[in-house]
Structure formats: structure tokens, C-alpha cells
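A.B. asks: Below is the file data32.csv, with CSV, C-alpha atoms.
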```csv
chain,number,residue,atom,x,y,z
A,1,MET,CA,-5.9,-4.0,8.3
A,2,ARG,CA,-5.2,-0.6,6.9
A,3,ASP,CA,-7.0,0.6,3.8
A,4,GLU,CA,-5.1,0.5,0.6
A,5,SER,CA,-4.7,4.2,0.1
A,6,THR,CA,-3.5,4.8,3.6
A,7,ALA,CA,-1.0,2.0,3.2
A,8,ALA,CA,0.2,3.5,-0.1
A,9,ALA,CA,0.4,7.1,1.2
A,10,PRO,CA,-0.1,7.5,5.0
A,11,TYR,CA,-0.1,11.3,4.7
A,12,ARG,CA,-3.4,11.5,2.8
A,13,ARG,CA,-5.6,11.3,5.9
A,14,PRO,CA,-4.1,14.3,7.7
A,15,ILE,CA,-3.9,16.4,4.5
A,16,THR,CA,-7.5,15.6,3.8
A,17,GLN,CA,-8.5,16.6,7.3
A,18,ALA,CA,-6.6,19.9,7.0
A,19,LEU,CA,-8.3,20.5,3.6
A,20,LEU,CA,-11.7,19.9,5.1
A,21,LEU,CA,-11.0,22.3,8.0
A,22,PHE,CA,-9.7,24.9,5.6
A,23,THR,CA,-12.8,24.5,3.4
A,24,ALA,CA,-15.2,24.8,6.3
A,25,VAL,CA,-13.6,28.0,7.7
A,26,PHE,CA,-12.9,29.8,4.4
A,27,GLY,CA,-16.2,28.6,2.9
A,28,VAL,CA,-18.1,30.6,5.5
A,29,LEU,CA,-15.8,33.7,5.0
A,30,PHE,CA,-16.2,33.7,1.2
A,31,ALA,CA,-20.0,33.2,1.7
A,32,LEU,CA,-20.1,36.3,3.7
A,33,LEU,CA,-18.1,38.2,1.1
A,34,ASN,CA,-20.4,37.0,-1.7
A,35,TYR,CA,-23.5,37.9,0.4
A,36,HIS,CA,-22.2,41.5,0.5
A,37,ALA,CA,-21.5,41.3,-3.2
A,38,GLY,CA,-25.1,40.2,-3.8
A,39,ASP,CA,-24.0,36.8,-5.3
A,40,TYR,CA,-26.5,34.7,-3.4
A,41,ALA,CA,-26.2,31.6,-5.5
A,42,LEU,CA,-22.5,31.3,-5.0
A,43,MET,CA,-23.0,32.2,-1.3
A,44,ALA,CA,-25.4,29.3,-0.9
A,45,LEU,CA,-23.1,26.9,-2.6
A,46,GLU,CA,-20.1,27.9,-0.4
A,47,LEU,CA,-22.2,27.5,2.7
A,48,LEU,CA,-23.3,24.0,1.6
A,49,MET,CA,-19.7,23.1,0.8
A,50,ALA,CA,-18.5,24.4,4.2
A,51,GLY,CA,-21.1,22.4,6.0
A,52,PHE,CA,-20.3,19.3,3.9
A,53,ALA,CA,-16.6,19.6,4.7
A,54,ALA,CA,-17.3,20.0,8.4
A,55,SER,CA,-19.5,16.9,8.4
A,56,LEU,CA,-16.8,14.8,6.8
A,57,ILE,CA,-14.0,15.6,9.3
A,58,ARG,CA,-15.1,12.8,11.7
A,59,THR,CA,-15.7,10.3,8.8
A,60,ILE,CA,-12.2,10.9,7.3
A,61,ALA,CA,-10.6,10.4,10.7
A,62,ARG,CA,-12.2,6.9,11.0
A,63,THR,CA,-12.9,5.5,7.6
A,64,ARG,CA,-11.2,2.4,6.2
A,65,ARG,CA,-12.2,3.5,2.6
A,66,LEU,CA,-10.2,6.7,2.6
A,67,GLN,CA,-9.8,7.2,-1.1
A,68,LEU,CA,-13.5,6.8,-1.8
A,69,TRP,CA,-14.3,9.5,0.7
A,70,ILE,CA,-11.6,11.7,-0.7
A,71,MET,CA,-13.3,11.4,-4.1
A,72,VAL,CA,-16.7,12.1,-2.5
A,73,PHE,CA,-15.3,15.5,-1.3
A,74,LEU,CA,-12.9,16.5,-4.1
A,75,LEU,CA,-15.3,16.2,-7.0
A,76,PRO,CA,-18.0,18.6,-5.6
A,77,PHE,CA,-15.2,20.8,-4.2
A,78,PHE,CA,-13.6,21.3,-7.6
A,79,THR,CA,-17.1,21.6,-9.2
A,80,VAL,CA,-18.1,24.4,-6.9
A,81,MET,CA,-14.7,26.0,-7.8
A,82,MET,CA,-15.6,25.8,-11.5
A,83,PHE,CA,-19.0,27.4,-10.8
A,84,ALA,CA,-17.4,30.2,-8.9
A,85,LEU,CA,-15.2,31.0,-12.0
A,86,THR,CA,-18.3,31.5,-14.1
A,87,THR,CA,-19.8,34.3,-12.0
A,88,ALA,CA,-20.1,37.7,-13.5
A,89,ALA,CA,-17.9,39.3,-10.8
A,90,VAL,CA,-14.9,37.0,-11.3
A,91,VAL,CA,-11.6,38.7,-12.1
A,92,PRO,CA,-8.5,37.0,-13.8
A,93,SER,CA,-6.7,36.7,-10.4
A,94,VAL,CA,-9.4,34.3,-9.1
A,95,PHE,CA,-8.1,31.7,-11.5
A,96,ALA,CA,-5.0,31.4,-9.3
A,97,TRP,CA,-7.1,29.0,-7.2
A,98,VAL,CA,-7.2,26.6,-10.1
A,99,LEU,CA,-3.5,25.9,-9.6
A,100,LEU,CA,-4.4,24.1,-6.4
A,101,ILE,CA,-6.2,21.4,-8.4
A,102,PRO,CA,-3.2,19.4,-9.7
A,103,ILE,CA,-1.4,19.7,-6.3
A,104,LEU,CA,-4.4,18.4,-4.3
A,105,SER,CA,-5.3,15.8,-6.9
A,106,TYR,CA,-1.9,14.1,-6.9
A,107,LEU,CA,-1.4,14.4,-3.2
A,108,LEU,CA,-4.8,12.8,-2.3
A,109,LEU,CA,-5.5,10.5,-5.2
A,110,GLY,CA,-2.2,9.2,-6.5
A,111,ARG,CA,-0.6,9.3,-9.9
A,112,TRP,CA,-3.3,8.0,-12.4
A,113,LEU,CA,-6.5,9.0,-10.7
A,114,GLY,CA,-5.0,12.3,-9.7
A,115,ALA,CA,-3.9,12.9,-13.3
A,116,ALA,CA,-7.3,12.2,-14.6
A,117,VAL,CA,-9.1,14.5,-12.2
A,118,ALA,CA,-6.6,17.3,-12.5
A,119,GLY,CA,-6.5,17.1,-16.3
A,120,PHE,CA,-10.3,17.2,-16.5
A,121,TYR,CA,-10.8,20.2,-14.2
A,122,LEU,CA,-7.8,22.1,-15.6
A,123,ALA,CA,-9.4,21.7,-19.1
A,124,VAL,CA,-12.8,22.9,-17.8
A,125,SER,CA,-11.2,25.9,-16.1
A,126,GLY,CA,-9.3,26.7,-19.4
A,127,VAL,CA,-12.6,26.8,-21.3
A,128,ILE,CA,-14.2,29.0,-18.6
A,129,PHE,CA,-11.2,31.3,-18.7
A,130,PHE,CA,-11.4,31.8,-22.5
A,131,ALA,CA,-15.2,32.2,-22.2
A,132,GLN,CA,-14.8,34.9,-19.6
A,133,PHE,CA,-11.7,36.7,-20.8
A,134,GLY,CA,-11.2,35.8,-24.4
A,135,PHE,CA,-9.5,38.1,-26.8
A,136,GLU,CA,-12.8,39.4,-28.1
A,137,HIS,CA,-13.5,40.7,-24.6
A,138,GLY,CA,-10.4,42.8,-24.4
A,139,TYR,CA,-8.1,40.5,-22.4
A,140,SER,CA,-5.6,40.5,-25.2
A,141,GLU,CA,-2.3,40.6,-23.4
A,142,LEU,CA,-0.8,37.4,-24.9
A,143,ARG,CA,2.2,37.4,-22.5
A,144,SER,CA,0.0,37.5,-19.5
A,145,LEU,CA,-2.2,34.7,-20.8
A,146,ALA,CA,0.9,32.6,-21.7
A,147,ASN,CA,2.2,33.0,-18.1
A,148,VAL,CA,-1.1,31.6,-16.7
A,149,VAL,CA,-1.1,28.7,-19.0
A,150,LEU,CA,2.6,27.9,-18.5
A,151,VAL,CA,2.4,28.0,-14.8
A,152,ALA,CA,-0.6,25.6,-14.8
A,153,ILE,CA,1.3,23.2,-17.1
A,154,CYS,CA,4.4,23.4,-14.9
A,155,ILE,CA,2.5,22.7,-11.7
A,156,PHE,CA,0.7,19.8,-13.4
A,157,GLY,CA,3.9,18.4,-14.8
A,158,PHE,CA,6.0,18.7,-11.7
A,159,SER,CA,3.1,17.3,-9.6
A,160,HIS,CA,3.0,14.3,-11.8
A,161,LEU,CA,6.8,13.8,-11.8
A,162,TYR,CA,6.9,14.2,-8.0
A,163,GLU,CA,4.2,11.6,-7.6
A,164,VAL,CA,5.9,9.1,-9.9
A,165,SER,CA,9.2,9.5,-8.0
A,166,ARG,CA,7.5,9.3,-4.6
A,167,GLU,CA,5.7,6.1,-5.6
A,168,HIS,CA,8.9,4.5,-6.9
A,169,ALA,CA,10.9,5.4,-3.8
A,170,GLU,CA,8.2,4.3,-1.5
A,171,SER,CA,7.8,1.0,-3.3
A,172,ARG,CA,11.5,0.4,-3.1
A,173,LEU,CA,11.7,1.2,0.6
A,174,ARG,CA,8.7,-1.0,1.2
A,175,ARG,CA,10.2,-3.9,-0.6
A,176,MET,CA,13.4,-3.5,1.4
A,177,ALA,CA,11.5,-3.3,4.7
A,178,GLN,CA,9.6,-6.5,3.8
A,179,THR,CA,12.4,-8.6,2.4
A,180,ASP,CA,15.2,-10.6,4.0
A,181,PRO,CA,18.4,-9.2,2.4
A,182,LEU,CA,20.2,-12.5,2.3
A,183,THR,CA,17.7,-14.9,0.8
A,184,GLY,CA,15.3,-12.4,-0.9
A,185,LEU,CA,12.4,-14.1,0.9
A,186,SER,CA,9.8,-12.1,2.8
A,187,ASN,CA,10.5,-11.3,6.4
A,188,ARG,CA,8.4,-11.6,9.6
A,189,MET,CA,6.8,-8.1,9.1
A,190,HIS,CA,5.6,-9.0,5.6
A,191,LEU,CA,4.3,-12.3,6.9
A,192,ARG,CA,2.1,-10.5,9.4
A,193,GLU,CA,0.8,-8.0,6.8
A,194,VAL,CA,-0.1,-10.8,4.4
A,195,PHE,CA,-1.8,-12.8,7.1
A,196,MET,CA,-3.9,-9.9,8.3
A,197,ALA,CA,-4.8,-9.1,4.7
A,198,ALA,CA,-6.0,-12.8,4.3
A,199,LEU,CA,-8.1,-12.6,7.4
A,200,ALA,CA,-9.8,-9.4,6.1
A,201,ARG,CA,-11.0,-11.2,3.0
A,202,ASP,CA,-14.6,-12.5,2.9
A,203,ASP,CA,-13.6,-16.0,1.9
A,204,VAL,CA,-11.7,-16.5,5.1
A,205,ALA,CA,-14.9,-15.7,7.0
A,206,GLN,CA,-16.3,-18.6,5.0
A,207,ALA,CA,-13.6,-20.9,6.3
A,208,MET,CA,-11.0,-20.7,3.5
A,209,PRO,CA,-8.2,-22.9,4.8
A,210,LEU,CA,-4.9,-21.3,5.9
A,211,THR,CA,-1.9,-23.4,7.0
A,212,LEU,CA,1.4,-22.4,8.4
A,213,LEU,CA,4.7,-24.3,8.1
A,214,MET,CA,7.7,-23.7,10.4
A,215,LEU,CA,11.0,-25.0,9.0
A,216,ASP,CA,14.4,-25.2,10.6
A,217,LEU,CA,17.6,-26.5,9.1
A,218,ASP,CA,19.0,-29.5,11.0
A,219,HIS,CA,22.5,-29.1,12.5
A,220,PHE,CA,22.9,-25.6,11.0
A,221,LYS,CA,25.4,-24.6,13.8
A,222,HIS,CA,27.6,-27.6,12.8
A,223,ILE,CA,27.6,-26.3,9.2
A,224,ASN,CA,28.7,-22.8,10.3
A,225,ASP,CA,31.4,-24.3,12.6
A,226,CYS,CA,32.8,-26.7,10.0
A,227,TYR,CA,32.5,-24.8,6.8
A,228,GLY,CA,32.2,-21.2,7.9
A,229,HIS,CA,29.5,-18.6,8.0
A,230,GLU,CA,29.8,-17.9,4.2
A,231,ALA,CA,28.9,-21.5,3.6
A,232,GLY,CA,26.0,-21.1,6.0
A,233,ASP,CA,24.8,-18.2,4.0
A,234,ALA,CA,25.0,-20.2,0.8
A,235,VAL,CA,23.0,-23.0,2.4
A,236,LEU,CA,20.3,-20.6,3.4
A,237,CYS,CA,20.1,-19.2,-0.1
A,238,MET,CA,19.9,-22.7,-1.6
A,239,VAL,CA,17.1,-23.7,0.7
A,240,ALA,CA,15.2,-20.4,-0.2
A,241,ARG,CA,15.6,-21.4,-3.9
A,242,VAL,CA,14.2,-24.8,-3.2
A,243,MET,CA,11.2,-23.3,-1.5
A,244,ARG,CA,10.5,-20.9,-4.3
A,245,GLU,CA,10.7,-23.7,-6.8
A,246,ARG,CA,8.2,-25.9,-4.9
A,247,LEU,CA,5.7,-23.4,-3.7
A,248,ARG,CA,2.8,-21.9,-5.6
A,249,ALA,CA,2.3,-18.3,-6.6
A,250,GLN,CA,-0.2,-17.7,-3.8
A,251,ASP,CA,2.0,-19.1,-1.0
A,252,LEU,CA,4.3,-16.9,1.0
A,253,ALA,CA,7.8,-18.1,2.0
A,254,CYS,CA,9.6,-16.1,4.7
A,255,ARG,CA,12.9,-16.2,6.6
A,256,ILE,CA,12.0,-15.3,10.2
A,257,GLY,CA,15.4,-15.5,11.8
A,258,GLY,CA,18.7,-17.5,11.7
A,259,GLU,CA,18.0,-20.8,10.0
A,260,GLU,CA,14.3,-20.7,10.6
A,261,PHE,CA,11.8,-20.3,7.7
A,262,CYS,CA,8.0,-20.0,7.6
A,263,VAL,CA,5.5,-20.7,4.8
A,264,LEU,CA,2.0,-19.4,4.7
A,265,LEU,CA,-0.1,-21.7,2.6
A,266,ARG,CA,-3.4,-20.1,1.4
A,267,ASP,CA,-6.3,-22.3,0.4
A,268,THR,CA,-4.6,-25.3,1.8
A,269,HIS,CA,-5.9,-27.9,4.4
A,270,ARG,CA,-3.6,-29.7,6.8
A,271,ASP,CA,-3.4,-32.9,4.7
A,272,ALA,CA,-2.3,-31.0,1.6
A,273,ALA,CA,0.2,-29.1,3.8
A,274,ILE,CA,1.7,-32.3,5.1
A,275,THR,CA,2.2,-33.6,1.6
A,276,LEU,CA,3.9,-30.3,0.6
A,277,ALA,CA,6.0,-30.2,3.7
A,278,GLU,CA,7.2,-33.8,3.2
A,279,ASP,CA,8.1,-33.0,-0.4
A,280,LEU,CA,10.1,-30.0,0.8
A,281,CYS,CA,12.0,-32.3,3.2
A,282,ARG,CA,12.8,-34.7,0.3
A,283,ARG,CA,14.0,-31.9,-2.0
A,284,VAL,CA,16.3,-30.3,0.7
A,285,ARG,CA,17.7,-33.8,1.4
A,286,ALA,CA,18.2,-34.6,-2.3
A,287,GLN,CA,20.1,-31.3,-3.1
A,288,PRO,CA,23.3,-31.0,-1.1
A,289,CYS,CA,24.8,-27.5,-1.2
A,290,VAL,CA,28.0,-27.3,-3.1
A,291,TYR,CA,30.3,-24.6,-1.6
A,292,ALA,CA,34.1,-24.2,-2.3
A,293,GLY,CA,34.2,-27.6,-3.9
A,294,GLN,CA,32.6,-29.3,-0.9
A,295,GLN,CA,29.2,-31.0,-0.8
A,296,ILE,CA,27.2,-30.0,2.3
A,297,SER,CA,24.4,-32.5,3.1
A,298,LEU,CA,21.2,-30.9,4.4
A,299,SER,CA,17.9,-31.8,6.1
A,300,THR,CA,15.1,-29.9,7.6
A,301,SER,CA,12.5,-30.4,10.2
A,302,ILE,CA,9.0,-28.9,9.8
A,303,GLY,CA,6.1,-28.2,12.2
A,304,ILE,CA,2.6,-27.4,10.9
A,305,ALA,CA,-0.3,-25.4,12.3
A,306,GLU,CA,-3.7,-24.9,10.7
A,307,PHE,CA,-5.8,-21.8,11.0
A,308,GLY,CA,-8.9,-22.4,13.1
A,309,ARG,CA,-7.9,-25.8,14.4
A,310,ASP,CA,-4.7,-24.6,16.0
A,311,GLY,CA,-5.3,-20.9,16.5
A,312,SER,CA,-7.2,-17.9,15.1
A,313,ASP,CA,-4.3,-15.4,15.0
A,314,LEU,CA,-0.7,-15.5,13.7
A,315,ASP,CA,1.0,-15.6,17.0
A,316,SER,CA,-1.0,-18.6,18.1
A,317,LEU,CA,-0.2,-20.4,14.8
A,318,LEU,CA,3.5,-19.6,15.2
A,319,ARG,CA,3.6,-21.0,18.7
A,320,VAL,CA,1.9,-24.2,17.7
A,321,ALA,CA,4.0,-24.7,14.6
A,322,ASP,CA,7.2,-23.9,16.6
A,323,ARG,CA,6.2,-26.5,19.3
A,324,ARG,CA,5.6,-29.1,16.6
A,325,LEU,CA,8.9,-28.2,14.9
A,326,TYR,CA,10.6,-28.8,18.3
A,327,GLN,CA,8.9,-32.2,18.4
A,328,ALA,CA,10.2,-33.0,15.0
A,329,LYS,CA,13.7,-32.3,16.2
A,330,THR,CA,13.1,-34.4,19.3
A,331,ASP,CA,11.8,-37.3,17.2
A,332,GLY,CA,15.0,-37.5,15.1
A,333,ARG,CA,14.9,-34.5,12.7
A,334,ASP,CA,14.3,-34.6,8.9
A,335,ARG,CA,10.6,-35.1,9.4
A,336,VAL,CA,7.2,-33.3,9.6
A,337,VAL,CA,5.0,-33.0,12.6
A,338,ALA,CA,1.4,-31.9,12.2
```
Turn this file's structure into C-alpha cells for me.

C.D. replies:
Amino acid sequence: MRDESTAAAPYRRPITQALLLFTAVFGVLFALLNYHAGDYALMALELLMAGFAASLIRTIARTRRLQLWIMVFLLPFFTVMMFALTTAAVVPSVFAWVLLIPILSYLLLGRWLGAAVAGFYLAVSGVIFFAQFGFEHGYSELRSLANVVLVAICIFGFSHLYEVSREHAESRLRRMAQTDPLTGLSNRMHLREVFMAALARDDVAQAMPLTLLMLDLDHFKHINDCYGHEAGDAVLCMVARVMRERLRAQDLACRIGGEEFCVLLRDTHRDAAITLAEDLCRRVRAQPCVYAGQQISLSTSIGIAEFGRDGSDLDSLLRVADRRLYQAKTDGRDRVVA
């Protein structure tokens, strides 16, 4: 299973790796410059930061807790930057490096955490700026000061707006990729993601029950042939509505192709799954689909597979449930085989 930050923003890992490499190389270069300038404290900090960055490159490439390690690096990185701004040899142009803070924070930490980190360090850098170059020290060109402040505000604001827009667009595309466009149910890809996420949880390792239902509408080809494909679409949507009404919030209903549906029942043993499946059969049978003034009678056959007993991965469970679904069809349809 991918870590949550990688799933949300897959570009964060390569950007972090590039930042670490940049820090390792330029940290050494700036340390040499500070050595010649006689600023040995800053030189030592920059060498430590360069070594720390280099040591994290392999970790960032492999970790499943990417956001945690990004925080482990960014906080000391920004803190060293703040310390560098307090040195006696600093000049106003050095504060241009502060403008990287909101960009990196939003790219690597997301909207809310990025805003908190960027806001804090921008505030600290503002205090340092006024302490170093306040009006009483002769840096009294108000227009120049206003330019620095406005640029920082603009970068902070546009970074926030970009991250909000990106999150919304990515969320919309992800929903589209995970959803069957006709019924609004999840699709096979989302089923696999949710199943893998369930396996990664600790309670599954402690034998939390998972059960899979495979449903197929009986004589669906006959419905399409007699009433038309639009009627068939209406039937599929009605069955999807019946499933949503019957299932619990933690259950996942999917359309995996044609007239085939699948339900992942979490925290459900086989006996409870049989009861639920039989109820689904009754509900489908009791609610004929009305289309163009005609009542279309429906029934469904269901095969059941239980995690552990029938397989330890999704493909195995799907094969077993499909085989039992076929058995339900062979035995006369409108029934459950577990």
C-alpha cells in the first residue's frame, strides 16, 4: 500500500530527493564561503545540514512514511535558514531565500500543514528582517521594504491558491477514476485499493473478517434484447440503488463489468454475509424496475468468498466468488452459494 502523502501527491518524493541533493551540494559550497568569511558557527551548521540531507536521500527513496520524513528535514532546514539570517554579515538580498519557504512548504506538505509551517517561518523571518534592517538602522527606503513584503505575501497567497486548486482537481480526477460512470458505484480499481488498505491495517492481522460477494443479474441479456439497452442501464442503476440502501457505511459496492457487481464486506463473517446476500436477493426480486411504463422483473445470483478460508488476496477471492456465482446460476438462479 502506498503511503497517504504519496497517494495524495506522487510528485513529493522526487521533489524531496532533489531538495536533499541540492542542500547537500550547496551546503558544502556555502560552508566553504563562510569559512573564508570567518563565520565558523554558520559553517558548522551548514556542514551538518549538508550531511543530514545526504543521509536522508536513501531513506526518502524507500520510506512509506514520506510526510513524516519531509517534516524531519524541513523543520531543521528552515531553522538553519533563520539562523543564517541573524548573522552579522547578512545583507538584505539574502532574505530572497525566504521566498522559497512557502513554495517548498506547500509542495511538500500540502495545504494546511504547508500553510502553518510557511506562515510561522515567514513571520520569524519578518521579525529578523526588522531586527537587522529596521528603520533605526538606516534601512529606511519604504518602497524597497514594501516590495519585499508584497512579494512574500504574493508568493504565499498564490502557493496556497495553487495547492487548493490542485487538491480539488486531483480529488475530482481520482473520484472519476474510481467510479463507474453509469451507476455511481466504485469500480474494480477502487475495490483493489480499498482491499489492499484493509489488509494493511493491524486488525486484519488479528483476523478481522472480510467477505466478498459477487452478484450477477439473471437473464440480463434478455432484458437488453426485449426492452433495449437504455432499459438495461435503468435496471443496473436501480440495482445499484438497492445495494446502497441495504449496505452499511463501511461496506464497498462496486460494478466490475456488464451486469456484474461486487461487494466487499468488512468486519463480516461468512454467516452474516449469507444473511445479507439473501436479503439483497429478496430486495431485488421485490422491486421490479419500471421503465417506459413497463415493469421489468429482476433476480440476482450471488457467490460468496471469505478472506482466509477461501483465499488471502483479492484475485483468489474473486475467483472463488465467481465460481460460486456460476454454481448459483447452474442451480437455478436467484440464490446464494457460499

A.B. asks: Restricting the calculation to only C-alpha atoms: of A:Leu318, A:Val239, A:Met49, A:Leu215, which residue gets closest to Arg333 of chain A?

C.D. replies: A:Leu215

A.B. asks: List the spatial neighbours of Ile101 of chain A as a VMD selection string - criterion: any atom at most 12 Å away, only C-alpha atoms, same-chain residues fewer than 4 positions off excluded.

C.D. replies: chain A and resid 74 to 75 77 to 79 81 to 82 95 to 97 105 to 109 114 to 125 152 to 153 155 to 156 159

A.B. asks: Just want the 7 Å neighbourhood of segment 319-327 of chain A, counted on all atoms listed in the file, with same-chain residues fewer than 3 positions away dropped. Output as a list of chain:residue names.

C.D. replies: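 Residues meeting the cut-off are A:Leu213, A:Met214, A:Ser301, A:Ile302, A:Gly303, A:Ile304, A:Ala305, A:Asp310, A:Asp315, A:Ser316, A:Thr330, A:Asp331, A:Val337, A:Ala338.
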
A.B. asks: Using only C-alpha atoms for the distances, tell me which of A:Val151, A:Ala249, A:Met43, A:Leu212 is nearest to Leu191 of chain A.

C.D. replies: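 Going through A:Val151, A:Ala249, A:Met43, A:Leu212 one by one, the smallest distance to Leu191 of chain A is for A:Leu212.
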
A.B. asks: Report the distance between atom CA of Pro209 of chain A and atom CA of Gly311 of chain A in Å, rounded to one decimal place.

C.D. replies: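 Computed distance, atom CA of Pro209 of chain A to atom CA of Gly311 of chain A, equals 12.2 Å.
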
A.B. asks: State, in Å with one decimal place, the distance from atom CA of Gln250 of chain A to atom CA of Arg309 of chain A.

C.D. replies: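 Computed distance, atom CA of Gln250 of chain A to atom CA of Arg309 of chain A, equals 21.4 Å.
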
A.B. asks: Enumerate, as a short mmCIF file (atom, residue, chain, number, x, y, z; two decimals) with C-alpha atoms, keeping the file's coordinate frame, the protein, DNA and RNA residues whose atoms approach (13.0, -19.6, 7.2) to within 10 Å, taking into account only C-alpha atoms and the coordinate frame of the file.

C.D. replies:
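Just written: selection_6.cif:
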```cif
data_model
loop_
_atom_site.label_atom_id
_atom_site.label_comp_id
_atom_site.auth_asym_id
_atom_site.auth_seq_id
_atom_site.Cartn_x
_atom_site.Cartn_y
_atom_site.Cartn_z
CA ASP A 180 15.20 -10.60 4.00
CA THR A 183 17.70 -14.90 0.80
CA LEU A 185 12.40 -14.10 0.90
CA SER A 186 9.80 -12.10 2.80
CA ASN A 187 10.50 -11.30 6.40
CA ARG A 188 8.40 -11.60 9.60
CA LEU A 213 4.70 -24.30 8.10
CA MET A 214 7.70 -23.70 10.40
CA LEU A 215 11.00 -25.00 9.00
CA ASP A 216 14.40 -25.20 10.60
CA LEU A 217 17.60 -26.50 9.10
CA LEU A 236 20.30 -20.60 3.40
CA VAL A 239 17.10 -23.70 0.70
CA ALA A 240 15.20 -20.40 -0.20
CA MET A 243 11.20 -23.30 -1.50
CA ALA A 253 7.80 -18.10 2.00
CA CYS A 254 9.60 -16.10 4.70
CA ARG A 255 12.90 -16.20 6.60
CA ILE A 256 12.00 -15.30 10.20
CA GLY A 257 15.40 -15.50 11.80
CA GLY A 258 18.70 -17.50 11.70
CA GLU A 259 18.00 -20.80 10.00
CA GLU A 260 14.30 -20.70 10.60
CA PHE A 261 11.80 -20.30 7.70
CA CYS A 262 8.00 -20.00 7.60
CA VAL A 263 5.50 -20.70 4.80
#
```

A.B. asks: Using all atoms listed in the file, which of the listed residues (A:Val94, A:Ala198, A:Leu100, A:Val72) sits closest to Leu314 of chain A?

C.D. replies: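 Between A:Val94, A:Ala198, A:Leu100, A:Val72, the residue approaching Leu314 of chain A most closely is A:Ala198.
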